[in-house]
file data03.txt (compact mmCIF, C-alpha atoms and all ligand atoms)
# COMPACT_ATOMS: atom_id res chain seq x y z
CA MET A 1213 -1.37 30.90 26.77
CA PRO A 1214 -3.35 29.34 29.62
CA PHE A 1215 -4.19 25.70 29.05
CA SER A 1216 -7.82 25.08 30.04
CA ARG A 1217 -9.16 21.84 31.48
CA ARG A 1218 -11.29 21.44 28.36
CA ASP A 1219 -8.17 21.73 26.15
CA PHE A 1220 -6.40 19.19 28.29
CA VAL A 1221 -9.20 16.66 28.09
CA LYS A 1222 -9.38 17.13 24.31
CA THR A 1223 -5.64 16.66 23.93
CA SER A 1224 -5.59 13.62 26.21
CA VAL A 1225 -8.22 11.86 24.20
CA LEU A 1226 -6.53 12.70 20.92
CA GLY A 1227 -3.22 11.65 22.41
CA ALA A 1228 -4.66 8.30 23.43
CA VAL A 1229 -6.02 7.70 19.96
CA ALA A 1230 -2.80 8.81 18.28
CA ALA A 1231 -0.82 6.61 20.63
CA GLY A 1232 -2.72 3.59 19.42
CA VAL A 1233 -2.06 2.09 22.78
CA GLY A 1234 -4.92 -0.31 23.23
CA THR A 1235 -3.55 -1.07 26.66
CA ARG A 1236 -4.32 2.27 28.26
CA ALA A 1237 -5.34 1.68 31.82
CA GLN A 1238 -8.74 2.21 33.32
CA ALA A 1239 -10.00 5.75 33.72
CA GLU A 1240 -11.03 5.12 37.33
CA PRO A 1241 -8.45 6.21 39.87
CA SER A 1242 -7.17 3.35 41.97
CA THR A 1243 -6.25 5.49 44.97
CA ALA A 1244 -8.82 6.19 47.63
CA GLN A 1245 -9.02 9.96 47.30
CA PRO A 1246 -11.19 11.75 44.71
CA HIS A 1247 -8.68 13.04 42.18
CA ASP A 1248 -10.66 15.08 39.75
CA SER A 1249 -12.23 17.68 41.93
CA GLN A 1250 -10.82 21.17 41.86
CA SER A 1251 -12.94 22.35 44.77
CA GLY A 1252 -13.10 19.44 47.20
CA SER A 1253 -11.81 19.97 50.70
CA TYR A 1254 -8.73 17.96 51.50
CA LYS A 1255 -6.81 17.20 54.65
CA ARG A 1256 -3.90 19.25 55.91
CA PRO A 1257 -1.28 18.57 57.15
CA ILE A 1258 -0.36 15.81 54.77
CA ILE A 1259 2.84 14.07 53.67
CA ILE A 1260 3.17 11.97 50.52
CA CYS A 1261 6.22 10.00 49.50
CA ALA A 1262 7.59 6.99 47.63
CA HIS A 1263 6.67 3.64 49.13
CA ASN A 1264 10.08 3.11 50.76
CA GLY A 1265 9.26 6.06 53.06
CA LEU A 1266 6.16 4.42 54.56
CA ASN A 1267 7.90 3.34 57.77
CA TYR A 1268 9.21 6.82 58.45
CA LEU A 1269 5.96 8.74 58.03
CA GLU A 1270 4.68 8.47 61.59
CA ASP A 1271 7.46 10.52 63.21
CA ALA A 1272 7.58 13.05 60.41
CA PHE A 1273 3.81 13.57 60.54
CA ALA A 1274 3.88 14.11 64.32
CA PHE A 1275 6.69 16.62 63.83
CA LEU A 1276 4.75 18.46 61.11
CA LYS A 1277 1.53 18.48 63.12
CA SER A 1278 3.29 19.98 66.12
CA GLY A 1279 4.45 22.94 64.03
CA GLY A 1280 7.66 21.55 62.49
CA ASP A 1281 8.91 23.00 59.21
CA THR A 1282 7.60 21.33 56.05
CA LEU A 1283 11.03 20.73 54.52
CA ASP A 1284 12.41 19.35 57.78
CA ALA A 1285 9.44 16.98 57.93
CA ALA A 1286 10.10 15.75 54.38
CA LEU A 1287 13.81 15.37 55.17
CA LYS A 1288 12.95 13.30 58.26
CA VAL A 1289 11.17 10.83 55.98
CA VAL A 1290 13.91 10.45 53.36
CA LYS A 1291 16.69 10.28 55.96
CA GLY A 1292 15.22 6.92 57.06
CA PRO A 1293 16.07 5.03 53.85
CA GLU A 1294 19.33 7.02 53.50
CA ASP A 1295 20.48 5.67 56.89
CA ASP A 1296 19.25 2.13 56.26
CA PRO A 1297 22.09 -0.08 54.94
CA ASN A 1298 19.53 -2.58 53.65
CA ASP A 1299 17.81 -0.07 51.38
CA THR A 1300 20.01 -0.35 48.30
CA SER A 1301 18.36 2.55 46.48
CA VAL A 1302 19.63 5.53 48.49
CA GLY A 1303 22.37 6.63 50.91
CA LEU A 1304 24.30 4.00 52.86
CA GLY A 1305 24.34 0.66 51.04
CA GLY A 1306 23.22 2.17 47.72
CA ILE A 1307 24.13 0.15 44.64
CA PRO A 1308 27.43 1.65 43.38
CA ASN A 1309 28.50 2.91 39.97
CA GLU A 1310 30.41 0.74 37.49
CA GLU A 1311 33.65 1.40 39.39
CA GLY A 1312 32.18 0.20 42.68
CA VAL A 1313 31.77 3.68 44.15
CA VAL A 1314 28.45 4.88 45.62
CA GLU A 1315 27.52 8.26 44.12
CA LEU A 1316 24.46 10.03 45.46
CA ASP A 1317 22.15 12.75 44.10
CA ALA A 1318 19.58 14.88 45.93
CA CYS A 1319 17.67 18.13 45.80
CA CYS A 1320 15.10 20.00 47.85
CA MET A 1321 12.88 23.07 47.72
CA HIS A 1322 11.61 25.05 50.68
CA GLY A 1323 8.28 26.58 49.69
CA PRO A 1324 7.83 29.20 52.41
CA THR A 1325 11.19 30.89 51.69
CA ARG A 1326 11.30 29.87 48.00
CA ARG A 1327 14.80 28.45 48.28
CA ALA A 1328 16.32 25.45 46.51
CA GLY A 1329 19.44 23.33 46.94
CA SER A 1330 20.92 20.40 45.05
CA VAL A 1331 23.92 18.08 45.01
CA GLY A 1332 24.94 15.58 42.33
CA GLY A 1333 27.45 12.73 42.13
CA VAL A 1334 28.45 12.99 45.80
CA ARG A 1335 30.73 10.31 47.26
CA ASN A 1336 31.32 9.35 50.92
CA ILE A 1337 28.48 11.39 52.43
CA LYS A 1338 25.37 9.50 53.48
CA ASN A 1339 22.66 12.14 53.98
CA VAL A 1340 22.84 14.03 50.73
CA SER A 1341 19.25 15.25 51.16
CA LEU A 1342 20.44 17.24 54.18
CA VAL A 1343 23.48 18.43 52.23
CA SER A 1344 21.16 19.78 49.51
CA LYS A 1345 19.44 21.87 52.18
CA ALA A 1346 22.82 23.02 53.50
CA VAL A 1347 23.64 24.33 50.00
CA PHE A 1348 20.96 27.00 50.22
CA GLU A 1349 21.56 27.62 53.92
CA HIS A 1350 25.30 28.19 53.64
CA THR A 1351 26.00 29.34 50.09
CA GLY A 1352 24.65 31.61 47.41
CA HIS A 1353 24.56 28.66 45.00
CA VAL A 1354 21.83 26.21 44.15
CA MET A 1355 23.75 23.19 42.84
CA LEU A 1356 27.09 21.61 43.78
CA VAL A 1357 28.47 18.44 42.22
CA GLY A 1358 31.20 15.84 42.67
CA GLU A 1359 34.28 16.57 44.74
CA GLY A 1360 33.24 20.15 45.38
CA ALA A 1361 29.96 18.99 46.87
CA GLU A 1362 31.77 16.44 49.05
CA ARG A 1363 34.26 19.03 50.32
CA PHE A 1364 31.40 21.44 51.02
CA ALA A 1365 29.54 18.76 52.99
CA VAL A 1366 32.62 18.03 55.12
CA ALA A 1367 33.20 21.76 55.66
CA VAL A 1368 29.71 22.22 57.10
CA GLY A 1369 30.04 19.21 59.38
CA PHE A 1370 28.86 16.06 57.58
CA PRO A 1371 31.06 13.03 58.34
CA ARG A 1372 32.88 11.23 55.51
CA GLU A 1373 32.00 7.54 55.60
CA ASN A 1374 32.28 4.45 53.46
CA LEU A 1375 28.88 4.02 51.81
CA LEU A 1376 29.62 0.67 50.21
CA THR A 1377 28.28 -2.08 52.45
CA ASP A 1378 29.75 -5.55 52.23
CA HIS A 1379 26.60 -6.77 50.46
CA SER A 1380 26.54 -3.95 47.88
CA ARG A 1381 30.25 -4.56 47.22
CA LYS A 1382 29.60 -8.25 46.56
CA VAL A 1383 26.67 -7.48 44.26
CA TRP A 1384 28.97 -5.11 42.35
CA LEU A 1385 31.69 -7.78 42.10
CA LEU A 1386 29.11 -10.24 40.80
CA TRP A 1387 28.06 -7.68 38.18
CA LYS A 1388 31.71 -7.10 37.17
CA GLU A 1389 32.35 -10.79 36.71
CA TYR A 1390 29.18 -11.39 34.80
CA HIS A 1391 29.45 -8.38 32.50
CA SER A 1392 32.98 -8.79 31.32
CA ASN A 1393 31.91 -7.62 27.88
CA GLU A 1394 28.61 -5.85 28.44
CA ASP A 1395 28.06 -2.52 30.16
CA TRP A 1396 26.18 0.77 29.95
CA TRP A 1397 28.18 2.00 26.98
CA GLY A 1398 26.44 1.77 23.66
CA PRO A 1399 23.21 3.05 22.15
CA GLY A 1400 20.42 3.97 24.56
CA LEU A 1401 16.73 3.76 23.85
CA ALA A 1402 16.80 7.24 22.30
CA ASP A 1403 19.46 6.29 19.73
CA PRO A 1404 18.08 5.87 16.21
CA HIS A 1405 20.20 2.69 15.84
CA TRP A 1406 18.75 1.04 18.96
CA GLN A 1407 17.16 -2.35 18.28
CA PRO A 1408 14.65 -4.24 20.41
CA PRO A 1409 16.08 -7.45 21.86
CA ASP A 1410 14.12 -9.74 19.56
CA THR A 1411 15.84 -8.26 16.52
CA LYS A 1412 19.33 -7.80 17.99
CA PRO A 1413 21.64 -10.04 15.99
CA ASP A 1414 23.81 -10.89 19.00
CA VAL A 1415 20.99 -12.19 21.15
CA LYS A 1416 19.51 -14.61 18.66
CA PRO A 1417 19.77 -18.00 20.31
CA SER A 1418 23.40 -18.95 19.73
CA ASP A 1419 24.22 -22.48 18.65
CA ASP A 1420 20.50 -22.94 18.14
CA LYS A 1421 19.98 -23.05 21.89
CA PRO A 1422 16.47 -22.05 22.99
CA GLN A 1423 16.15 -18.93 25.18
CA SER A 1424 15.17 -20.98 28.21
CA GLN A 1425 18.43 -22.94 28.02
CA LEU A 1426 20.49 -19.75 27.60
CA TRP A 1427 18.81 -18.22 30.64
CA GLN A 1428 19.28 -21.40 32.69
CA GLU A 1429 22.99 -21.24 31.90
CA ARG A 1430 23.20 -17.57 32.86
CA TYR A 1431 21.51 -18.16 36.20
CA ARG A 1432 23.61 -21.21 36.97
CA ARG A 1433 26.78 -19.25 36.23
CA LEU A 1434 25.62 -16.35 38.40
CA GLU A 1435 24.68 -18.66 41.26
CA GLU A 1436 28.14 -20.19 41.19
CA HIS A 1437 29.78 -16.75 41.24
CA ALA A 1438 27.43 -15.54 44.00
CA THR A 1439 28.26 -18.58 46.14
CA ALA A 1440 31.98 -18.10 45.57
CA LEU A 1441 31.68 -14.45 46.59
CA GLY A 1442 30.01 -15.44 49.85
CA ILE A 1443 26.62 -13.84 49.13
CA ALA A 1444 24.21 -15.30 51.70
CA PRO A 1445 21.82 -17.90 50.19
CA GLU A 1446 18.73 -15.86 51.07
CA LEU A 1447 20.16 -12.78 49.29
CA ARG A 1448 21.39 -14.58 46.17
CA SER A 1449 18.28 -14.39 44.05
CA ASP A 1450 17.92 -10.64 44.69
CA ALA A 1451 21.63 -10.08 43.92
CA ILE A 1452 21.33 -12.00 40.64
CA HIS A 1453 18.31 -9.99 39.60
CA LYS A 1454 20.18 -6.75 40.35
CA VAL A 1455 23.10 -7.92 38.22
CA LEU A 1456 20.95 -8.90 35.26
CA PHE A 1457 18.70 -5.86 35.49
CA PRO A 1458 20.44 -3.01 37.32
CA PRO A 1459 17.92 -1.42 39.65
CA THR A 1460 16.90 2.17 40.07
CA GLY A 1461 15.59 3.38 43.38
CA THR A 1462 14.90 6.71 44.94
CA ILE A 1463 12.74 8.40 47.50
CA HIS A 1464 10.76 11.59 46.99
CA CYS A 1465 8.73 13.28 49.73
CA SER A 1466 6.47 16.35 49.75
CA ALA A 1467 5.01 17.82 52.95
CA LEU A 1468 2.20 20.35 53.44
CA ASN A 1469 1.24 21.85 56.80
CA GLU A 1470 -2.04 23.17 58.13
CA LYS A 1471 -1.16 26.74 57.11
CA GLY A 1472 -0.59 25.69 53.51
CA GLU A 1473 3.21 25.84 53.57
CA ILE A 1474 4.72 23.21 51.31
CA SER A 1475 8.18 21.72 50.58
CA GLY A 1476 9.69 18.75 48.79
CA CYS A 1477 12.87 16.72 48.45
CA THR A 1478 14.24 13.76 46.48
CA THR A 1479 17.31 11.61 47.18
CA THR A 1480 18.86 8.62 45.41
CA SER A 1481 21.87 6.49 44.63
CA GLY A 1482 20.55 6.54 41.06
CA LEU A 1483 20.89 3.83 38.52
CA GLY A 1484 22.85 0.72 39.54
CA PHE A 1485 26.32 0.40 37.89
CA LYS A 1486 25.93 3.75 36.12
CA LEU A 1487 28.87 5.49 34.49
CA PRO A 1488 30.80 7.52 37.08
CA GLY A 1489 29.56 11.10 37.03
CA ARG A 1490 26.12 10.20 35.71
CA CYS A 1491 23.48 12.40 37.31
CA GLY A 1492 19.87 11.35 36.99
CA ASP A 1493 16.77 13.47 37.42
CA SER A 1494 16.81 13.45 41.23
CA PRO A 1495 19.21 16.38 41.73
CA ILE A 1496 17.70 18.39 38.88
CA ILE A 1497 15.37 21.05 40.31
CA GLY A 1498 12.29 20.77 38.10
CA ALA A 1499 12.84 17.13 37.12
CA GLY A 1500 13.20 15.00 40.28
CA CYS A 1501 11.50 17.59 42.50
CA TYR A 1502 9.78 20.93 42.18
CA THR A 1503 7.85 22.98 44.72
CA ASP A 1504 6.06 26.28 44.25
CA GLN A 1505 4.58 27.76 47.42
CA ASP A 1506 1.69 29.23 45.41
CA VAL A 1507 0.70 25.96 43.77
CA GLY A 1508 2.06 22.67 45.10
CA SER A 1509 4.88 20.17 44.95
CA ALA A 1510 5.81 17.19 42.79
CA GLY A 1511 8.54 14.58 42.64
CA ALA A 1512 9.59 11.59 40.61
CA THR A 1513 11.07 8.12 40.77
CA GLY A 1514 11.88 5.92 37.78
CA SER A 1515 13.71 6.37 34.48
CA GLY A 1516 15.72 9.48 35.25
CA GLU A 1517 16.95 10.15 31.71
CA GLU A 1518 13.36 10.25 30.45
CA ASN A 1519 12.19 12.50 33.25
CA ILE A 1520 14.95 15.04 32.66
CA LYS A 1521 13.75 15.43 29.06
CA VAL A 1522 10.22 16.38 30.17
CA GLU A 1523 11.21 18.23 33.36
CA GLY A 1524 8.46 16.16 34.99
CA ALA A 1525 8.10 17.80 38.40
CA HIS A 1526 8.09 21.34 37.01
CA THR A 1527 5.73 20.40 34.20
CA ILE A 1528 3.31 18.95 36.75
CA VAL A 1529 3.39 21.97 39.03
CA GLU A 1530 2.80 24.26 36.04
CA ASN A 1531 -0.12 22.04 35.00
CA LEU A 1532 -1.58 22.43 38.49
CA ARG A 1533 -1.14 26.18 38.21
CA HIS A 1534 -3.16 26.15 34.99
CA GLY A 1535 -6.06 24.30 36.57
CA MET A 1536 -5.44 20.60 36.12
CA SER A 1537 -6.14 18.20 38.97
CA PRO A 1538 -3.11 16.38 40.42
CA GLN A 1539 -3.92 13.25 38.44
CA GLU A 1540 -4.42 15.12 35.16
CA ALA A 1541 -1.21 17.08 35.74
CA GLY A 1542 0.77 13.89 36.24
CA MET A 1543 -0.80 12.07 33.29
CA ASP A 1544 0.11 15.00 31.05
CA ALA A 1545 3.79 14.71 32.06
CA LEU A 1546 3.67 10.95 31.37
CA LYS A 1547 2.15 11.66 27.96
CA ARG A 1548 5.17 13.80 27.12
CA ILE A 1549 7.46 10.85 27.85
CA VAL A 1550 5.29 8.71 25.57
CA ARG A 1551 5.45 11.41 22.88
CA ASN A 1552 9.26 11.53 23.10
CA TYR A 1553 9.26 7.94 21.84
CA ASN A 1554 6.54 8.58 19.25
CA ASN A 1555 4.32 6.17 21.20
CA ASP A 1556 6.68 3.31 20.30
CA MET A 1557 5.69 0.57 22.73
CA THR A 1558 8.70 -1.59 21.87
CA LYS A 1559 10.73 1.13 23.63
CA LEU A 1560 8.24 2.39 26.19
CA ARG A 1561 7.93 -1.03 27.79
CA PHE A 1562 11.51 -0.52 29.08
CA VAL A 1563 10.68 2.89 30.60
CA ASP A 1564 8.84 3.49 33.87
CA MET A 1565 8.06 6.59 35.84
CA THR A 1566 6.11 7.39 38.99
CA TYR A 1567 5.07 10.93 39.91
CA TYR A 1568 4.06 12.04 43.41
CA ILE A 1569 1.87 15.13 43.29
CA LEU A 1570 0.61 17.31 46.15
CA ARG A 1571 -1.45 20.42 45.59
CA LYS A 1572 -1.44 23.29 48.06
CA ASP A 1573 -4.99 22.54 49.21
CA GLY A 1574 -4.06 18.95 50.13
CA ALA A 1575 -5.32 17.19 46.97
CA TYR A 1576 -2.79 14.60 45.84
CA ALA A 1577 -2.17 11.85 43.32
CA GLY A 1578 0.34 9.14 42.49
CA VAL A 1579 0.54 8.30 38.79
CA SER A 1580 2.81 5.95 36.91
CA LEU A 1581 3.53 4.95 33.33
CA TRP A 1582 2.91 1.25 34.06
CA GLU A 1583 1.04 -0.59 36.79
CA GLY A 1584 4.22 -1.92 38.35
CA TYR A 1585 7.61 -3.51 37.74
CA GLU A 1586 6.04 -6.97 37.81
CA PRO A 1587 2.55 -8.47 37.84
CA GLY A 1588 0.90 -8.37 41.24
CA LYS A 1589 3.30 -5.73 42.57
CA PRO A 1590 1.72 -2.37 41.73
CA HIS A 1591 3.57 0.92 42.10
CA LYS A 1592 2.57 2.56 45.35
CA ILE A 1593 2.58 5.96 46.95
CA ALA A 1594 2.76 6.35 50.76
CA VAL A 1595 0.50 8.92 52.39
CA HIS A 1596 -0.05 10.31 55.90
CA ASP A 1597 -2.83 12.81 56.54
CA GLY A 1598 -3.72 11.53 59.97
CA THR A 1599 -3.89 7.98 58.66
CA ARG A 1600 -0.74 6.34 57.38
CA ARG A 1601 -1.27 4.15 54.33
CA ALA A 1602 0.05 2.95 50.96
CA GLU A 1603 -2.08 3.41 47.84
CA ASN A 1604 -1.69 2.07 44.33
CA THR A 1605 -0.72 4.65 41.74
CA VAL A 1606 -2.99 5.39 38.78
CA PRO A 1607 -1.22 3.86 35.78
CA MET A 1608 -1.27 5.15 32.21
CA PHE A 1609 -0.71 1.69 30.68
CA LYS A 1610 -2.02 -1.65 31.85
CA GLY A 1611 0.62 -4.24 32.60
CA SER A 1612 4.16 -4.12 33.92
CA SER A 1613 7.21 -2.36 32.59
CA GLN A 1614 10.15 -4.54 31.63
CA ASP A 1615 13.55 -4.47 33.22
CA PHE A 1616 16.37 -2.63 31.49
CA PRO A 1617 18.66 -3.42 29.74
CA PRO A 1618 16.46 -4.92 27.03
CA GLU A 1619 16.87 -8.67 26.87
CA PRO A 1620 14.51 -11.27 25.49
CA LYS A 1621 12.07 -12.02 28.31
CA VAL A 1622 13.22 -14.46 30.96
CA PRO A 1623 11.02 -17.53 30.37
CA ALA A 1624 8.47 -17.99 33.14
CA GLU A 1625 9.76 -21.44 34.12
CA VAL A 1626 13.31 -20.11 34.56
CA LYS A 1627 12.05 -17.13 36.59
CA LYS A 1628 10.13 -19.50 38.83
CA GLU A 1629 13.18 -21.64 39.43
CA TYR A 1630 15.76 -18.92 40.02
CA LEU A 1631 14.04 -15.64 40.95
CA LYS A 1632 12.04 -16.71 43.97
N1 LIG A 1701 15.20 8.49 38.94
C1 LIG A 1701 16.36 7.91 39.54
C2 LIG A 1701 17.53 8.12 38.63
O1 LIG A 1701 17.38 7.98 37.44
C3 LIG A 1701 16.24 6.46 39.82
C4 LIG A 1701 14.95 6.04 40.47
O2 LIG A 1701 14.08 6.83 40.67
O3 LIG A 1701 14.79 4.89 40.81
O4 LIG A 1701 18.61 8.34 39.11

call {"tool": "encode", "arguments": {"input": "data03.txt", "output": "structure tokens", "more": "lines below"}}
Ligand code: ASP
result
Amino acid sequence: MPFSRRDFVKTSVLGAVAAGVGTRAQAEPSTAQPHDSQSGSYKRPIIICAHNGLNYLEDAFAFLKSGGDTLDAALKVVKGPEDDPNDTSVGLGGIPNEEGVVELDACCMHGPTRRAGSVGGVRNIKNVSLVSKAVFEHTGHVMLVGEGAERFAVAVGFPRENLLTDHSRKVWLLWKEYHSNEDWWGPGLADPHWQPPDTKPDVKPSDDKPQSQLWQERYRRLEEHATALGIAPELRSDAIHKVLFPPTGTIHCSALNEKGEISGCTTTSGLGFKLPGRCGDSPIIGAGCYTDQDVGSAGATGSGEENIKVEGAHTIVENLRHGMSPQEAGMDALKRIVRNYNNDMTKLRFVDMTYYILRKDGAYAGVSLWEGYEPGKPHKIAVHDGTRRAENTVPMFKGSSQDFPPEPKVPAEVKKEYLK
């Protein structure tokens, strides 16, 4: 049954009331473009991507404007962070899994020819976004994983290389030493037995020590380890934060040309210190990326497990098909994540999600569950439609998400001292 705009608005309002989330963010979009018009005229060509693609937009836009293919333009953008050893979220230098091995995920969709390719859990190959394209160019399959994907990549000419940089290796060693008895095993947020940190018996201040003292001790211990491992002083605070709160990081990019052809791709090293073999949403066609030549393209960064359960990118493109604006389409997908946790804010504060949405006419939006990962650092979307810029996303909830795994909050004074 088609879902009308009126139905959507009604459901949104009811959803907001049912959610009881007094912290819902402002209704006004914070990006520069009008988001609610279905008939406005928008610019083409246009490329939108995650913020870590900003520096690579200029070349890709010039390529697209001069007649380059939309998927190749999007791949040009994401290849930048994949090649950059200092970007620890994708490709070379990505934060490894719990065994110290970098495993990469990627997928892409080529709108004009309606083809899709995907690879998951790939080791030793840097540009997995390009490998995902090679899957549809050279095989009759859509998705290859693990060793098979690596062997395929080598067969079609991608070089095997060590993706673990010296810095990522040291961060992993620091994590190993620190987490001798804590890891990703155990109940996740979705488990009925999961408990918020404040009620977890094992994190009640031991020996009657206040939280600030416990955190001071943790940081001191980590600093000693980091020094012993030879992590450069200027990189220590970032390494310690990664160890305490394993990072995610990904890049999505969608590109639309003047003729209205559209494509998208997403690439990632996934969740830091994940279990070997874990695939997030990025290689899942429909979750991390989805493009329909008739409608538009969408992609995701953030809590992959949550996004898989709502098939975010596909949901958004279907919402566009049924008449929602890019912003409405994205907010609806976010609402489904909220619904999956019965609006339980003690859990949702540990989840975050950003959607990048580009409609075939050039209308676009960036929406996120929270304003940012920390106060003063809003989630951003990068855009090039003749002018290259970064814009804040439109958040569903006011405030910042909290780092995972759930721990009692790091006291502000400790943060100030150690996490400069
Ligand atoms: N969504 C990615 C994953 O879960 C991580 C990220 O976007 O930062 O693998």

call {"tool": "residues_near_ligand", "arguments": {"input": "data03.txt", "ligand": "ligand LIG 1701 (chain A)", "cutoff": "8 Å", "atoms": "all atoms listed in the file", "output": "ChimeraX atom specification"}}
result
/A:1301,1317,1459-1463,1480-1483,1491-1494,1500,1512-1517,1519,1565

call {"tool": "residues_near_point", "arguments": {"input": "data03.txt", "point": "(30.6, -1.4, 52.7)", "cutoff": "12 Å", "atoms": "only C-alpha atoms", "output": "PyMOL selection string"}}
result
chain A and resi 1297-1298+1300+1303-1308+1312-1314+1336+1373-1384

call {"tool": "atom_distance", "arguments": {"input": "data03.txt", "atom1": "atom CA of A:His1596", "atom2": "atom CA of A:Glu1470"}}
result
13.2 Å

call {"tool": "atom_distance", "arguments": {"input": "data03.txt", "atom1": "atom CA of A:Pro1617", "atom2": "atom CA of A:Pro1422"}}
result
19.9 Å

call {"tool": "residues_around", "arguments": {"input": "data03.txt", "residues": "A:Leu1581", "least_positions_apart": "5", "cutoff": "7 Å", "atoms": "only C-alpha atoms", "output": "tab-separated table (two decimals) with C-alpha atoms, in the frame of the given file"}}
result
chain	number	residue	atom	x	y	z
A	1546	LEU	CA	3.67	10.95	31.37
A	1564	ASP	CA	8.84	3.49	33.87
A	1565	MET	CA	8.06	6.59	35.84
A	1566	THR	CA	6.11	7.39	38.99
A	1607	PRO	CA	-1.22	3.86	35.78
A	1608	MET	CA	-1.27	5.15	32.21
A	1609	PHE	CA	-0.71	1.69	30.68

call {"tool": "residues_around", "arguments": {"input": "data03.txt", "residues": "A:His1591", "least_positions_apart": "5", "cutoff": "7 Å", "atoms": "only C-alpha atoms", "output": "mmCIF file with C-alpha atoms, in the frame of the given file"}}
result
data_model
loop_
_atom_site.group_PDB
_atom_site.id
_atom_site.type_symbol
_atom_site.label_atom_id
_atom_site.label_comp_id
_atom_site.auth_asym_id
_atom_site.auth_seq_id
_atom_site.Cartn_x
_atom_site.Cartn_y
_atom_site.Cartn_z
ATOM 1 C CA GLU A 1583 1.040 -0.590 36.790
ATOM 2 C CA GLY A 1584 4.220 -1.920 38.350
ATOM 3 C CA ASN A 1604 -1.690 2.070 44.330
ATOM 4 C CA THR A 1605 -0.720 4.650 41.740
#

call {"tool": "closest_residue", "arguments": {"input": "data03.txt", "among": "A:Val1347, A:Ala1575, A:Gly1611, A:Arg1430", "to": "A:Pro1590", "atoms": "all atoms listed in the file"}}
result
A:Gly1611

call {"tool": "residues_near_point", "arguments": {"input": "data03.txt", "point": "(25.3, 9.6, 48.4)", "cutoff": "6 Å", "atoms": "only C-alpha atoms", "output": "NGL selection string"}}
result
:A and (1303 or 1315-1316 or 1334-1335 or 1337-1338 or 1340 or 1481)

call {"tool": "residues_around", "arguments": {"input": "data03.txt", "residues": "A:Leu1570", "least_positions_apart": "2", "cutoff": "7 Å", "atoms": "all atoms listed in the file", "output": "list in words"}}
result
Ser1466, Gly1508, Ser1509, Ala1510, Pro1538, Tyr1568, Lys1572, Gly1574, Ala1575, Tyr1576 and Ala1577 of chain A

call {"tool": "closest_residue", "arguments": {"input": "data03.txt", "among": "A:Asn1339, A:Ser1612, A:Thr1599, A:Ser1344", "to": "A:Ile1496", "atoms": "all atoms listed in the file"}}
result
A:Ser1344

call {"tool": "atom_distance", "arguments": {"input": "data03.txt", "atom1": "atom CA of A:Glu1311", "atom2": "atom CA of A:Leu1385"}}
result
9.8 Å

call {"tool": "closest_residue", "arguments": {"input": "data03.txt", "among": "A:Ser1330, A:Ser1580, A:Ser1278, A:Asn1469", "to": "A:Ile1549", "atoms": "only C-alpha atoms"}}
result
A:Ser1580

call {"tool": "closest_residue", "arguments": {"input": "data03.txt", "among": "A:Asp1615, A:Glu1310, A:Glu1349, A:Asp1296", "to": "A:Glu1586", "atoms": "all atoms listed in the file"}}
result
A:Asp1615

call {"tool": "closest_residue", "arguments": {"input": "data03.txt", "among": "A:Gln1505, A:Tyr1567, A:Ala1602, A:Asn1267", "to": "A:Lys1471", "atoms": "all atoms listed in the file"}}
result
A:Gln1505

call {"tool": "closest_residue", "arguments": {"input": "data03.txt", "among": "A:Gly1498, A:Arg1551, A:Leu1487, A:Val1289", "to": "A:Thr1527", "atoms": "only C-alpha atoms"}}
result
A:Gly1498

call {"tool": "residues_around", "arguments": {"input": "data03.txt", "residues": "A:Ala1402", "least_positions_apart": "6", "cutoff": "9 Å", "atoms": "all atoms listed in the file", "output": "PyMOL selection string"}}
result
chain A and resi 1552-1553+1559
